[in-house]
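Structure file start.cif with mmCIF, C-alpha atoms and all ligand atoms:
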data_final
loop_
_atom_site.group_PDB
_atom_site.id
_atom_site.type_symbol
_atom_site.label_atom_id
_atom_site.label_comp_id
_atom_site.auth_asym_id
_atom_site.auth_seq_id
_atom_site.Cartn_x
_atom_site.Cartn_y
_atom_site.Cartn_z
ATOM 1 C CA MET J 15 9.808 7.687 27.980
ATOM 2 C CA ARG J 16 7.790 5.939 30.661
ATOM 3 C CA ILE J 17 4.772 4.125 29.252
ATOM 4 C CA ARG J 18 1.801 5.199 31.338
ATOM 5 C CA ARG J 19 -1.159 3.042 32.061
ATOM 6 C CA SER J 20 -3.402 2.547 29.032
ATOM 7 C CA LEU J 21 -6.330 0.345 28.081
ATOM 8 C CA ILE J 22 -5.762 -1.231 24.681
ATOM 9 C CA ASP J 23 -7.600 -4.493 25.377
ATOM 10 C CA LEU J 24 -9.025 -6.289 28.405
ATOM 11 C CA ASP J 25 -5.704 -8.074 29.040
ATOM 12 C CA ASP J 26 -4.378 -4.739 30.319
ATOM 13 C CA LEU J 27 -6.496 -5.235 33.460
ATOM 14 C CA THR J 28 -5.694 -7.888 36.057
ATOM 15 C CA PRO J 29 -8.659 -9.728 37.614
ATOM 16 C CA ARG J 30 -8.424 -7.456 40.675
ATOM 17 C CA GLU J 31 -8.365 -4.346 38.505
ATOM 18 C CA LEU J 32 -11.335 -5.600 36.529
ATOM 19 C CA ALA J 33 -13.283 -6.070 39.764
ATOM 20 C CA TYR J 34 -12.188 -2.595 40.892
ATOM 21 C CA VAL J 35 -13.465 -0.980 37.654
ATOM 22 C CA PHE J 36 -16.856 -2.666 38.173
ATOM 23 C CA GLU J 37 -16.969 -1.595 41.834
ATOM 24 C CA ARG J 38 -16.208 2.023 40.876
ATOM 25 C CA THR J 39 -18.804 1.920 38.084
ATOM 26 C CA GLU J 40 -21.450 1.008 40.639
ATOM 27 C CA GLN J 41 -20.319 3.813 42.971
ATOM 28 C CA PHE J 42 -20.184 6.411 40.189
ATOM 29 C CA GLU J 43 -23.641 5.472 38.942
ATOM 30 C CA ALA J 44 -25.035 5.767 42.480
ATOM 31 C CA ALA J 45 -23.484 9.175 43.217
ATOM 32 C CA PRO J 46 -21.410 11.527 41.037
ATOM 33 C CA PRO J 47 -17.832 11.368 42.357
ATOM 34 C CA GLY J 48 -16.872 14.978 41.607
ATOM 35 C CA ALA J 49 -13.939 16.306 39.614
ATOM 36 C CA LEU J 50 -11.528 13.353 39.833
ATOM 37 C CA LEU J 51 -9.920 14.440 36.549
ATOM 38 C CA ASP J 52 -9.833 18.155 37.357
ATOM 39 C CA GLY J 53 -7.096 19.812 35.320
ATOM 40 C CA PHE J 54 -6.468 16.811 33.060
ATOM 41 C CA GLY J 55 -6.532 17.485 29.324
ATOM 42 C CA CYS J 56 -8.358 14.838 27.371
ATOM 43 C CA VAL J 57 -8.462 14.515 23.574
ATOM 44 C CA ASN J 58 -10.993 12.310 21.785
ATOM 45 C CA MET J 59 -9.791 11.285 18.316
ATOM 46 C CA PHE J 60 -12.415 9.307 16.426
ATOM 47 C CA PHE J 61 -11.418 8.337 12.885
ATOM 48 C CA GLU J 62 -14.562 6.204 12.493
ATOM 49 C CA GLU J 63 -18.230 6.994 13.021
ATOM 50 C CA SER J 64 -19.541 6.640 16.539
ATOM 51 C CA THR J 65 -22.678 7.640 18.414
ATOM 52 C CA ARG J 66 -22.757 5.713 21.722
ATOM 53 C CA THR J 67 -19.048 5.355 22.368
ATOM 54 C CA PHE J 68 -18.177 8.961 21.467
ATOM 55 C CA THR J 69 -21.018 10.483 23.469
ATOM 56 C CA SER J 70 -20.428 8.334 26.523
ATOM 57 C CA PHE J 71 -16.686 9.023 26.599
ATOM 58 C CA ASN J 72 -17.477 12.749 26.352
ATOM 59 C CA LEU J 73 -20.017 12.617 29.157
ATOM 60 C CA ALA J 74 -17.709 10.512 31.329
ATOM 61 C CA GLU J 75 -14.838 12.982 30.882
ATOM 62 C CA LEU J 76 -17.038 16.010 31.521
ATOM 63 C CA ARG J 77 -18.575 14.412 34.630
ATOM 64 C CA LEU J 78 -15.059 13.868 35.990
ATOM 65 C CA GLY J 79 -14.142 17.507 35.347
ATOM 66 C CA ALA J 80 -11.572 16.917 32.572
ATOM 67 C CA ALA J 81 -10.773 19.587 29.980
ATOM 68 C CA VAL J 82 -12.132 17.923 26.840
ATOM 69 C CA VAL J 83 -11.093 18.525 23.230
ATOM 70 C CA ASN J 84 -12.669 16.615 20.356
ATOM 71 C CA LEU J 85 -10.507 16.262 17.265
ATOM 72 C CA ALA J 86 -12.296 15.000 14.172
ATOM 73 C CA PRO J 87 -10.056 13.509 11.440
ATOM 74 C CA ARG J 88 -10.465 16.610 9.271
ATOM 75 C CA ASP J 89 -8.990 18.734 12.100
ATOM 76 C CA LEU J 90 -5.855 16.640 12.391
ATOM 77 C CA SER J 91 -2.636 17.567 10.598
ATOM 78 C CA LEU J 92 -1.956 13.841 10.822
ATOM 79 C CA ALA J 93 -4.639 13.226 8.228
ATOM 80 C CA THR J 94 -3.984 16.031 5.758
ATOM 81 C CA LYS J 95 -0.549 17.627 6.302
ATOM 82 C CA GLY J 96 1.697 14.591 6.499
ATOM 83 C CA GLU J 97 2.426 14.751 10.234
ATOM 84 C CA THR J 98 3.231 11.323 11.646
ATOM 85 C CA LEU J 99 1.181 9.724 14.376
ATOM 86 C CA GLU J 100 4.246 9.739 16.623
ATOM 87 C CA ASP J 101 4.800 13.505 16.134
ATOM 88 C CA THR J 102 1.108 14.178 16.739
ATOM 89 C CA ALA J 103 1.368 12.277 20.039
ATOM 90 C CA LEU J 104 4.463 14.274 21.079
ATOM 91 C CA THR J 105 2.700 17.520 20.179
ATOM 92 C CA LEU J 106 -0.417 16.706 22.204
ATOM 93 C CA GLY J 107 1.794 15.738 25.155
ATOM 94 C CA ALA J 108 3.603 19.105 24.985
ATOM 95 C CA LEU J 109 0.214 20.828 25.041
ATOM 96 C CA GLY J 110 -0.439 19.212 28.395
ATOM 97 C CA VAL J 111 -2.849 16.543 27.184
ATOM 98 C CA SER J 112 -2.876 13.573 29.588
ATOM 99 C CA ILE J 113 -5.449 11.258 28.018
ATOM 100 C CA ILE J 114 -6.133 10.285 24.411
ATOM 101 C CA VAL J 115 -9.225 8.277 23.563
ATOM 102 C CA VAL J 116 -8.850 6.885 20.063
ATOM 103 C CA ARG J 117 -10.986 4.977 17.571
ATOM 104 C CA HIS J 118 -9.407 3.961 14.267
ATOM 105 C CA HIS J 119 -10.040 1.471 11.471
ATOM 106 C CA GLU J 120 -6.453 0.145 11.679
ATOM 107 C CA PRO J 121 -5.913 -2.647 14.230
ATOM 108 C CA GLY J 122 -3.006 -1.687 16.483
ATOM 109 C CA PHE J 123 -3.372 2.084 15.974
ATOM 110 C CA PRO J 124 -4.136 2.849 19.675
ATOM 111 C CA GLN J 125 -1.110 0.771 20.678
ATOM 112 C CA ARG J 126 1.066 2.906 18.414
ATOM 113 C CA VAL J 127 -0.356 6.045 20.014
ATOM 114 C CA ALA J 128 0.366 4.594 23.466
ATOM 115 C CA LEU J 129 4.001 3.893 22.568
ATOM 116 C CA ALA J 130 4.559 7.461 21.360
ATOM 117 C CA PHE J 131 2.515 9.392 23.924
ATOM 118 C CA ASP J 132 3.569 10.273 27.463
ATOM 119 C CA GLY J 133 0.064 9.854 28.847
ATOM 120 C CA HIS J 134 -2.865 7.458 28.990
ATOM 121 C CA VAL J 135 -4.496 5.971 25.909
ATOM 122 C CA VAL J 136 -7.902 4.328 25.765
ATOM 123 C CA ASN J 137 -8.829 2.200 22.770
ATOM 124 C CA ALA J 138 -12.357 3.113 21.683
ATOM 125 C CA GLY J 139 -12.282 0.467 18.934
ATOM 126 C CA ASP J 140 -9.493 -0.404 16.470
ATOM 127 C CA GLY J 141 -10.582 -2.102 13.264
ATOM 128 C CA VAL J 142 -11.553 -5.710 13.862
ATOM 129 C CA HIS J 143 -9.149 -5.997 16.803
ATOM 130 C CA ALA J 144 -10.587 -4.847 20.142
ATOM 131 C CA HIS J 145 -13.120 -2.620 21.900
ATOM 132 C CA PRO J 146 -12.368 -3.052 25.606
ATOM 133 C CA THR J 147 -14.759 -0.494 27.111
ATOM 134 C CA GLN J 148 -17.697 -1.978 25.179
ATOM 135 C CA ALA J 149 -16.724 -5.425 26.488
ATOM 136 C CA LEU J 150 -16.563 -4.025 30.017
ATOM 137 C CA LEU J 151 -20.028 -2.512 29.852
ATOM 138 C CA ASP J 152 -21.439 -5.688 28.301
ATOM 139 C CA ILE J 153 -19.932 -7.801 31.070
ATOM 140 C CA TYR J 154 -21.079 -5.334 33.711
ATOM 141 C CA THR J 155 -24.635 -5.657 32.353
ATOM 142 C CA LEU J 156 -24.385 -9.462 32.543
ATOM 143 C CA LEU J 157 -22.992 -9.363 36.091
ATOM 144 C CA GLU J 158 -25.795 -7.048 37.167
ATOM 145 C CA GLU J 159 -28.255 -9.586 35.824
ATOM 146 C CA PHE J 160 -26.736 -12.837 37.028
ATOM 147 C CA GLY J 161 -24.480 -11.919 39.982
ATOM 148 C CA GLU J 162 -21.698 -14.093 38.646
ATOM 149 C CA LEU J 163 -20.982 -15.623 35.275
ATOM 150 C CA LYS J 164 -19.537 -19.007 36.262
ATOM 151 C CA GLY J 165 -21.610 -21.703 34.589
ATOM 152 C CA ARG J 166 -23.695 -19.205 32.619
ATOM 153 C CA SER J 167 -23.993 -19.751 28.909
ATOM 154 C CA VAL J 168 -23.609 -16.701 26.665
ATOM 155 C CA GLY J 169 -24.319 -16.980 22.939
ATOM 156 C CA ILE J 170 -22.725 -14.410 20.634
ATOM 157 C CA VAL J 171 -24.617 -14.399 17.352
ATOM 158 C CA GLY J 172 -23.692 -13.213 13.873
ATOM 159 C CA ASP J 173 -20.656 -11.552 12.348
ATOM 160 C CA VAL J 174 -18.122 -12.532 15.002
ATOM 161 C CA LEU J 175 -15.319 -12.472 12.446
ATOM 162 C CA HIS J 176 -15.445 -8.691 11.927
ATOM 163 C CA SER J 177 -16.549 -7.732 15.442
ATOM 164 C CA ARG J 178 -13.960 -6.122 17.702
ATOM 165 C CA VAL J 179 -16.657 -6.083 20.399
ATOM 166 C CA ALA J 180 -16.980 -9.869 20.199
ATOM 167 C CA HIS J 181 -13.222 -10.380 20.355
ATOM 168 C CA SER J 182 -12.881 -8.346 23.563
ATOM 169 C CA THR J 183 -16.102 -9.657 25.128
ATOM 170 C CA ILE J 184 -15.140 -13.302 24.497
ATOM 171 C CA ARG J 185 -11.878 -12.797 26.426
ATOM 172 C CA GLY J 186 -13.685 -11.163 29.337
ATOM 173 C CA LEU J 187 -16.404 -13.818 29.497
ATOM 174 C CA GLN J 188 -13.822 -16.597 29.519
ATOM 175 C CA ARG J 189 -11.931 -14.906 32.337
ATOM 176 C CA LEU J 190 -15.097 -14.791 34.418
ATOM 177 C CA GLY J 191 -15.904 -18.454 33.805
ATOM 178 C CA ALA J 192 -18.858 -18.136 31.426
ATOM 179 C CA ALA J 193 -19.401 -20.737 28.716
ATOM 180 C CA VAL J 194 -19.168 -18.935 25.370
ATOM 181 C CA VAL J 195 -21.091 -20.192 22.338
ATOM 182 C CA LEU J 196 -20.401 -18.515 18.997
ATOM 183 C CA ILE J 197 -23.383 -18.837 16.688
ATOM 184 C CA GLY J 198 -23.572 -17.992 13.006
ATOM 185 C CA PRO J 199 -22.888 -19.088 9.451
ATOM 186 C CA GLU J 200 -19.482 -20.526 8.573
ATOM 187 C CA CYS J 201 -18.389 -17.311 6.814
ATOM 188 C CA PHE J 202 -18.709 -15.214 10.000
ATOM 189 C CA LEU J 203 -17.153 -17.528 12.603
ATOM 190 C CA PRO J 204 -13.383 -17.645 13.104
ATOM 191 C CA HIS J 205 -12.295 -21.270 13.504
ATOM 192 C CA ASP J 206 -9.352 -20.601 15.816
ATOM 193 C CA TYR J 207 -11.768 -20.009 18.717
ATOM 194 C CA ALA J 208 -12.704 -23.711 18.680
ATOM 195 C CA ASP J 209 -9.164 -24.493 19.920
ATOM 196 C CA GLU J 210 -9.712 -22.226 22.929
ATOM 197 C CA GLY J 211 -12.552 -24.124 24.563
ATOM 198 C CA ILE J 212 -15.280 -22.080 22.876
ATOM 199 C CA THR J 213 -18.260 -23.809 21.302
ATOM 200 C CA ILE J 214 -18.969 -23.037 17.644
ATOM 201 C CA GLU J 215 -22.587 -23.561 16.671
ATOM 202 C CA ARG J 216 -24.321 -23.126 13.308
ATOM 203 C CA ASP J 217 -27.788 -24.146 14.481
ATOM 204 C CA PHE J 218 -29.246 -21.130 16.335
ATOM 205 C CA ASP J 219 -32.639 -22.790 16.870
ATOM 206 C CA GLY J 220 -31.071 -25.887 18.394
ATOM 207 C CA VAL J 221 -29.033 -23.977 20.960
ATOM 208 C CA LEU J 222 -31.611 -21.309 21.968
ATOM 209 C CA PRO J 223 -33.078 -23.154 25.001
ATOM 210 C CA GLN J 224 -29.613 -23.585 26.562
ATOM 211 C CA LEU J 225 -28.602 -19.928 26.619
ATOM 212 C CA ASP J 226 -28.744 -17.545 29.594
ATOM 213 C CA ALA J 227 -27.868 -14.549 27.454
ATOM 214 C CA ILE J 228 -27.632 -13.688 23.780
ATOM 215 C CA VAL J 229 -25.378 -10.978 22.388
ATOM 216 C CA LEU J 230 -26.517 -10.073 18.875
ATOM 217 C CA LEU J 231 -24.022 -8.504 16.474
ATOM 218 C CA ARG J 232 -24.456 -6.231 13.501
ATOM 219 C CA ILE J 233 -23.214 -7.516 10.154
ATOM 220 C CA GLN J 234 -20.248 -5.184 9.681
ATOM 221 C CA ARG J 235 -20.670 -4.575 5.960
ATOM 222 C CA GLU J 236 -18.083 -1.785 5.956
ATOM 223 C CA ARG J 237 -15.403 -4.383 6.751
ATOM 224 C CA PHE J 238 -15.845 -6.620 3.695
ATOM 225 C CA VAL J 239 -16.504 -6.119 -0.013
ATOM 226 C CA GLU J 240 -19.260 -8.629 -0.710
ATOM 227 C CA MET J 241 -21.820 -10.158 1.635
ATOM 228 C CA PRO J 242 -20.749 -13.829 1.710
ATOM 229 C CA ILE J 243 -24.345 -15.140 2.074
ATOM 230 C CA THR J 244 -27.636 -13.577 1.026
ATOM 231 C CA ASP J 245 -29.566 -11.409 3.488
ATOM 232 C CA GLU J 246 -32.462 -13.900 3.209
ATOM 233 C CA GLU J 247 -30.237 -16.813 4.238
ATOM 234 C CA TYR J 248 -28.928 -14.838 7.194
ATOM 235 C CA VAL J 249 -32.381 -13.777 8.319
ATOM 236 C CA SER J 250 -33.790 -17.277 8.069
ATOM 237 C CA GLY J 251 -30.951 -18.825 10.069
ATOM 238 C CA TYR J 252 -30.023 -16.145 12.583
ATOM 239 C CA ARG J 253 -32.456 -13.251 12.960
ATOM 240 C CA LEU J 254 -33.906 -13.156 16.454
ATOM 241 C CA ASP J 255 -37.675 -12.866 16.127
ATOM 242 C CA GLU J 256 -40.834 -13.696 18.046
ATOM 243 C CA ARG J 257 -40.696 -17.402 17.204
ATOM 244 C CA ARG J 258 -37.105 -17.715 18.415
ATOM 245 C CA LEU J 259 -37.722 -15.561 21.529
ATOM 246 C CA ALA J 260 -40.382 -18.096 22.543
ATOM 247 C CA GLN J 261 -37.697 -20.821 22.644
ATOM 248 C CA LEU J 262 -35.590 -18.964 25.233
ATOM 249 C CA ARG J 263 -35.433 -19.697 28.951
ATOM 250 C CA SER J 264 -37.796 -17.478 30.881
ATOM 251 C CA GLU J 265 -34.970 -15.527 32.602
ATOM 252 C CA ALA J 266 -32.778 -15.212 29.478
ATOM 253 C CA ILE J 267 -31.662 -11.762 28.360
ATOM 254 C CA VAL J 268 -30.798 -10.308 24.955
ATOM 255 C CA MET J 269 -28.100 -7.717 24.369
ATOM 256 C CA HIS J 270 -26.597 -5.812 21.426
ATOM 257 C CA PRO J 271 -23.622 -3.402 21.401
ATOM 258 C CA GLY J 272 -25.487 -1.206 18.908
ATOM 259 C CA PRO J 273 -26.080 0.080 16.363
ATOM 260 C CA TYR J 274 -28.686 -2.575 15.581
ATOM 261 C CA ASN J 275 -30.282 -3.106 12.208
ATOM 262 C CA ARG J 276 -33.991 -3.809 12.487
ATOM 263 C CA GLY J 277 -34.982 -6.585 10.146
ATOM 264 C CA MET J 278 -31.498 -8.115 9.929
ATOM 265 C CA GLU J 279 -30.185 -9.429 13.242
ATOM 266 C CA LEU J 280 -33.433 -8.739 15.104
ATOM 267 C CA ASP J 281 -37.014 -7.792 14.438
ATOM 268 C CA ASP J 282 -39.145 -5.294 16.361
ATOM 269 C CA SER J 283 -40.505 -7.918 18.776
ATOM 270 C CA VAL J 284 -37.018 -8.135 20.361
ATOM 271 C CA LEU J 285 -37.170 -4.414 21.228
ATOM 272 C CA GLU J 286 -40.287 -5.113 23.288
ATOM 273 C CA PHE J 287 -39.032 -8.350 24.850
ATOM 274 C CA ALA J 288 -38.880 -8.226 28.670
ATOM 275 C CA GLY J 289 -35.264 -9.435 28.652
ATOM 276 C CA TRP J 290 -33.991 -6.859 26.097
ATOM 277 C CA ARG J 291 -31.095 -5.065 27.848
ATOM 278 C CA TYR J 292 -29.708 -2.748 25.143
ATOM 279 C CA LEU J 293 -30.625 0.514 26.886
ATOM 280 C CA LYS J 294 -29.083 -0.743 30.125
ATOM 281 C CA GLN J 295 -25.866 -1.463 28.265
ATOM 282 C CA VAL J 296 -25.819 2.036 26.790
ATOM 283 C CA HIS J 297 -26.548 3.541 30.196
ATOM 284 C CA HIS J 298 -23.645 1.668 31.825
ATOM 285 C CA GLY J 299 -21.322 2.977 29.102
ATOM 286 C CA VAL J 300 -20.909 6.293 30.931
ATOM 287 C CA GLY J 301 -20.190 4.800 34.374
ATOM 288 C CA ILE J 302 -17.784 2.215 32.945
ATOM 289 C CA ARG J 303 -15.847 4.880 31.051
ATOM 290 C CA MET J 304 -15.707 7.135 34.114
ATOM 291 C CA ALA J 305 -14.347 4.199 36.112
ATOM 292 C CA VAL J 306 -11.765 3.329 33.447
ATOM 293 C CA LEU J 307 -10.519 6.899 33.087
ATOM 294 C CA ASP J 308 -10.311 7.409 36.849
ATOM 295 C CA PHE J 309 -8.467 4.112 37.281
ATOM 296 C CA LEU J 310 -5.932 4.809 34.513
ATOM 297 C CA VAL J 311 -5.118 8.280 35.804
ATOM 298 C CA ASN J 312 -5.522 7.967 39.578
ATOM 299 C CA GLY J 313 -4.944 4.226 40.125
ATOM 300 C CA ARG J 314 -6.697 2.284 42.864
ATOM 301 C CA ARG J 315 -7.721 4.266 45.917
HETATM 302 C C1 LIG I 1 -19.621 -1.338 17.790
HETATM 303 C C2 LIG I 1 -18.335 -0.842 17.206
HETATM 304 O O1 LIG I 1 -18.216 0.281 16.725
HETATM 305 O O2 LIG I 1 -17.403 -1.634 17.275
HETATM 306 N N1 LIG I 1 -20.450 -0.382 18.331
HETATM 307 C C3 LIG I 1 -20.170 0.244 19.508
HETATM 308 O O3 LIG I 1 -19.097 0.760 19.712
HETATM 309 N N2 LIG I 1 -21.129 0.263 20.427
HETATM 310 C C4 LIG I 1 -20.280 -2.386 17.000
HETATM 311 C C5 LIG I 1 -20.696 -2.102 15.589
HETATM 312 O O4 LIG I 1 -20.273 -1.147 14.959
HETATM 313 O O5 LIG I 1 -21.483 -2.905 15.065
#
What does this structure look like when you write it as structure tokens?
Ligand code: NCD
Amino acid sequence: MRIRRSLIDLDDLTPRELAYVFERTEQFEAAPPGALLDGFGCVNMFFEESTRTFTSFNLAELRLGAAVVNLAPRDLSLATKGETLEDTALTLGALGVSIIVVRHHEPGFPQRVALAFDGHVVNAGDGVHAHPTQALLDIYTLLEEFGELKGRSVGIVGDVLHSRVAHSTIRGLQRLGAAVVLIGPECFLPHDYADEGITIERDFDGVLPQLDAIVLLRIQRERFVEMPITDEEYVSGYRLDERRLAQLRSEAIVMHPGPYNRGMELDDSVLEFAGWRYLKQVHHGVGIRMAVLDFLVNGRR
């Protein structure tokens, strides 16, 4: 079987393709492109909770004229009747489905779907592994702000270890020449990144004035059994609040992939900060996903 074009992580896009996806995002946001996916069957399979990602994939598919089916885990014979993932993929292919968007707690699950399915697969988040469309919309938001990322310093703060968003975003930022600083307590920062030219920083206050952008992360409590430090310790070292905002450069921006937990990684003053870009990120999620789906199915035009 021919493996069709899929997006499992950012490495699946060459630099030219990455630039093309951003160019198309801008076009699609400026004017609806019409039914570029007319007649294409698209199944969304989300085995984990999702608000932003699920809704924006749905809207992107509908805006491109795809025939959309949403399969919740309880609807899938895969989950309850012993059907294998591979047989599910064959079955959906025989039904004329061309695109599967999948979120799953198991790292590598979307790759397995892609190997078994004669169509396009988009990873909407697999365990702690990758979340390429979130990384794309984060990077698009940064590019919109700064024009280019060479020489810009982006701090990613918090539970990097369990964040698939961080893992994909770090790769993308490095490719575009940004300096990446990972900030957080020892227990949340993977050491192997230090070998890849990425700065590891425990002292959030010390590094604040050097950053052009901050990406805050949620503590992903569903991915570990016991919180390795107390909430109070985390808040005192890493919560972004009014006092820390005052240390930032005047043009610095603050982002978050969502969902954010008020009181933990940020307090309410961040939501009123002039450089808070969360809603912009969410907004770009639709255009980015339209651009990705169009590119995977129709290629470059
Ligand atoms: C993230 C996710 O699910 O990986 N959210 C998102 O897709 N926007 C981050 C998180 O859950 O904290």
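Here, the PyMOL selection byres (((chain J and resi 50-56) around 6) and not hetatm) matches Gly48, Ala49, Val57, Leu78, Gly79, Ala80, Ala81, Val82, Val111, Ser112, Ile113 and Ile114 of chain J.
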* To do: Step by step, measure atom-to-atom distances between ligand LIG 1 (chain I) and each residue using all atoms listed in the file, keep those at most 6 Å, then write them as a PyMOL selection string.
  => chain J and resi 66-67+139+178-179+232+234+271-273
Just write the chosen residues, C-alpha atoms, as a tab-separated table (two decimals), keeping the file's coordinate frame.
chain	number	residue	atom	x	y	z
J	66	ARG	CA	-22.76	5.71	21.72
J	67	THR	CA	-19.05	5.36	22.37
J	139	GLY	CA	-12.28	0.47	18.93
J	178	ARG	CA	-13.96	-6.12	17.70
J	179	VAL	CA	-16.66	-6.08	20.40
J	232	ARG	CA	-24.46	-6.23	13.50
J	234	GLN	CA	-20.25	-5.18	9.68
J	271	PRO	CA	-23.62	-3.40	21.40
J	272	GLY	CA	-25.49	-1.21	18.91
J	273	PRO	CA	-26.08	0.08	16.36
Residues of segment 252-296 of chain J within 7 Å of segment 221-226 of chain J: nearest atom pair and distance (Å, one decimal) for each, counting only C-alpha atoms, sorted by chain and number, as JSON lines?
{"residue": "J:Gln261", "atom": "CA", "partner": "J:Pro223", "partner_atom": "CA", "distance": 5.7}
{"residue": "J:Leu262", "atom": "CA", "partner": "J:Pro223", "partner_atom": "CA", "distance": 4.9}
{"residue": "J:Arg263", "atom": "CA", "partner": "J:Pro223", "partner_atom": "CA", "distance": 5.8}
{"residue": "J:Ala266", "atom": "CA", "partner": "J:Asp226", "partner_atom": "CA", "distance": 4.7}
{"residue": "J:Ile267", "atom": "CA", "partner": "J:Asp226", "partner_atom": "CA", "distance": 6.6}
* To do: Excluding segment 84-95 of chain J and residues on its chain fewer than 4 positions from it, collect all residues at most 6 Å away from it, counting all atoms listed in the file, and give them as a ChimeraX atom specification.
  => /J:57-59,61
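Atom CA of Leu150 of chain J sits 19.3 Å away from atom CA of Gly122 of chain J.
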* To do: Expand the PyMOL selection byres (((chain J and resi 191-205) around 7) and not hetatm) into the individual residues it matches in the shown file, reporting them as an MDAnalysis selection string.
  => chainID J and resid 163:175 184 187:190 206:208 212:216 218 242 252
